[in-house]
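Input: a single structure, listed below in structure tokens.
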Amino acid sequence: MGPVLEGLQTSGTPLLHRGALPAQPTGVPRGFWALSSRPLPTPALVCLFPPLLWVPGDVVRSGVARVVGPQFPWCCPQVAGLGNPGLPGTRHSVGMAVLGQLARRLGVAESWARDRRCAADLALAPLGDAQLVLLRPRRLMNANGRSVARAAEMFGLTAEEVYLVHDELDKPLGKLALKLGGSARGHNGVRSCISCLNSSAMPRLRVGIGRPTNPEAVQAYVLGCFSPSEQELLPLLLDRATDLLLDHIRERSQGPSAGVSP
């Protein structure tokens with residue numbers, strides 16, 4: 001096999017000195033793995049986060065080295081919370097609020113790391129034998145798709161493996177619906193994802209925020225914050241949304257899923 005990684009550390013700079021690497025294993029995302037040449041409790045693969053493309057002789061100066069066990073639990077799927085960076089409390093960014101709750105549930109709320117290649121915050125969350133890729137775009141809603149598509153490319157994921165979580169005007173606050181594929185239904189963030197992924201096959205968790213009675217007030221409404229009475233409903237809503245996501249992801253990992261909300 002030849003020399004592989006040497007000088008593995010879990011902190012400090014540089015993290016890894018890289019040598020020649022063996023062939024890429026089948027089914028493992030490109031640029032997201034390496035074998036360790038240091039003694040480990042068991043033969044193990046080392047997961048680098050953020051993922052880095054391997055160039056023999058280079059030095060990794062950022063990222064976190066992590067031993068992930070004898071067999072690599074590859075990343076699948078990706079969950080993207082759509083929204084506007086810097087506006088976390090608005091109705092239009094409720095997808096990011098759901099993602100935050102998902103990160104807390106999976107114990108990775110403090111593990112977000114900025115990745116400039118996809119202009120997003122990323123966190124990896126263990127789920128069974130795999131890891132979820134959690135993504136918060138740092139681009140505006142209308143350009144969220146560029147971050148989502150770039151991250152999917154980095155992790156070797158197809159459109160069907162990318163979950164989108166976003167606000168839905170045509171459903172009342174508290175109503176959730178999980179949809180497999182289809183049109184953007186007027187949502188600019190979803191439209192951007194469809195365009196950049198060149199596919200409409202992404203599963204989507206639509207989080208109802210209600211629609212204002214005045215059609216001309218839609219923009220101000222979605223960019224506005226939840227009212228005090230609405231905020232009282234949010235904790236339960238975020239918990240239910242997280243449950244629905246995790247249940248569906250687990251079901252899909254075991255076979256075709258039948259139950260999807262209209």
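The chains in the structure tokens are called A, B, ... from first to last as shown; in each chain the residues are counted from 1, and the ligands are counted from 1 in the order shown.
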
Residues flagged strand (DSSP E) by DSSP in stretch 51-224 of chain A, as a PyMOL selection string: chain A and resi 59-60+64-67+75-81+113-115+120-127+130-137+162-168+176-180+203-208

Nearby residues (only C-alpha atoms) at most 6 Å from stretch 144-158 of chain A, same-chain spacing under 6 positions excluded, as a list in words: Pro29, Cys118, Ala119, Pro137, Gly189, Ser192, Cys193, Cys196 and Leu197 of chain A

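Nearest residue to A:Ile209, choosing from A:Gly181, A:Gly100, A:Pro235, A:Pro172 and counting only C-alpha atoms: A:Pro172.
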
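Look at A:Leu106: the protein and nucleic acid residues within 8 Å of it, using only C-alpha atoms and passing over chain neighbours fewer than 4 places away, are Leu102, Ala125, Pro126 and Leu127 of chain A.
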
Keeping only C-alpha atoms, write the selected residues to a file as an mmCIF file, in the first residue's frame.
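The result, written out as part_6.cif:
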data_model
loop_
_atom_site.group_PDB
_atom_site.id
_atom_site.type_symbol
_atom_site.label_atom_id
_atom_site.label_comp_id
_atom_site.auth_asym_id
_atom_site.auth_seq_id
_atom_site.Cartn_x
_atom_site.Cartn_y
_atom_site.Cartn_z
ATOM 1 C CA LEU A 102 -31.548 19.030 14.728
ATOM 2 C CA ALA A 125 -23.722 14.363 13.018
ATOM 3 C CA PRO A 126 -23.580 10.604 13.626
ATOM 4 C CA LEU A 127 -26.793 8.747 12.870
#

All residues 10 Å or closer to A:Ala103, only C-alpha atoms, same chain fewer than 6 positions away omitted, as a ChimeraX atom specification: /A:97,109-112,123-125,132,134,242

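The interatomic distance for the pair atom CA of A:Glu251 and atom CA of A:Gln101 works out to 20.1 Å.
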
Nearest residue to A:Glu160 from the set A:Ser200, A:Ser229, A:Thr90, A:Ser253 (distances using only C-alpha atoms): A:Ser200

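Closest approach to A:Ile249 among A:Val98, A:Ala217, A:Ala130, A:Leu135: A:Ala130, based on only C-alpha atoms.
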
Atom pair atom CA of A:Ala80 / atom CA of A:Arg252: separation (Å): 17.1 Å

DSSP-assigned alpha helix (DSSP H) members of stretch 164-228 of chain A, reported as a PyMOL selection string: chain A and resi 188-197+218-222+228

Output file for the residues above (N, CA and C atoms, as a short mmCIF file (atom, residue, chain, number, x, y, z; two decimals), in the first residue's frame):
data_model
loop_
_atom_site.label_atom_id
_atom_site.label_comp_id
_atom_site.auth_asym_id
_atom_site.auth_seq_id
_atom_site.Cartn_x
_atom_site.Cartn_y
_atom_site.Cartn_z
N ASN A 188 -37.99 30.93 -3.64
CA ASN A 188 -36.75 31.27 -4.35
C ASN A 188 -35.55 30.43 -3.90
N GLY A 189 -35.50 30.07 -2.62
CA GLY A 189 -34.40 29.24 -2.16
C GLY A 189 -34.44 27.86 -2.79
N VAL A 190 -35.63 27.27 -2.84
CA VAL A 190 -35.79 25.96 -3.48
C VAL A 190 -35.49 26.06 -4.96
N ARG A 191 -35.97 27.14 -5.59
CA ARG A 191 -35.70 27.34 -7.02
C ARG A 191 -34.20 27.40 -7.28
N SER A 192 -33.46 28.06 -6.42
CA SER A 192 -32.01 28.14 -6.56
C SER A 192 -31.38 26.75 -6.44
N CYS A 193 -31.86 25.95 -5.50
CA CYS A 193 -31.32 24.60 -5.31
C CYS A 193 -31.61 23.72 -6.53
N ILE A 194 -32.82 23.82 -7.07
CA ILE A 194 -33.17 23.04 -8.26
C ILE A 194 -32.26 23.42 -9.43
N SER A 195 -32.02 24.71 -9.58
CA SER A 195 -31.17 25.18 -10.68
C SER A 195 -29.73 24.71 -10.51
N CYS A 196 -29.18 24.84 -9.31
CA CYS A 196 -27.76 24.52 -9.09
C CYS A 196 -27.50 23.02 -9.04
N LEU A 197 -28.46 22.25 -8.56
CA LEU A 197 -28.30 20.79 -8.53
C LEU A 197 -28.76 20.15 -9.84
N VAL A 218 -46.37 40.32 1.59
CA VAL A 218 -45.68 39.03 1.71
C VAL A 218 -44.19 39.21 2.00
N GLN A 219 -43.52 40.09 1.27
CA GLN A 219 -42.08 40.24 1.46
C GLN A 219 -41.75 40.70 2.88
N ALA A 220 -42.47 41.71 3.35
CA ALA A 220 -42.22 42.19 4.71
C ALA A 220 -42.57 41.12 5.74
N TYR A 221 -43.58 40.33 5.43
CA TYR A 221 -44.01 39.28 6.36
C TYR A 221 -42.94 38.20 6.50
N VAL A 222 -42.43 37.67 5.39
CA VAL A 222 -41.46 36.58 5.48
C VAL A 222 -40.12 37.05 6.05
N PRO A 228 -44.72 37.54 19.25
CA PRO A 228 -44.58 36.88 20.55
C PRO A 228 -45.46 35.64 20.70
#

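Using only C-alpha atoms, the shortest contact distance between A:Gly208 and any of A:Gly128, A:Gly174, A:Gly86, A:Gly81 is found at A:Gly174.
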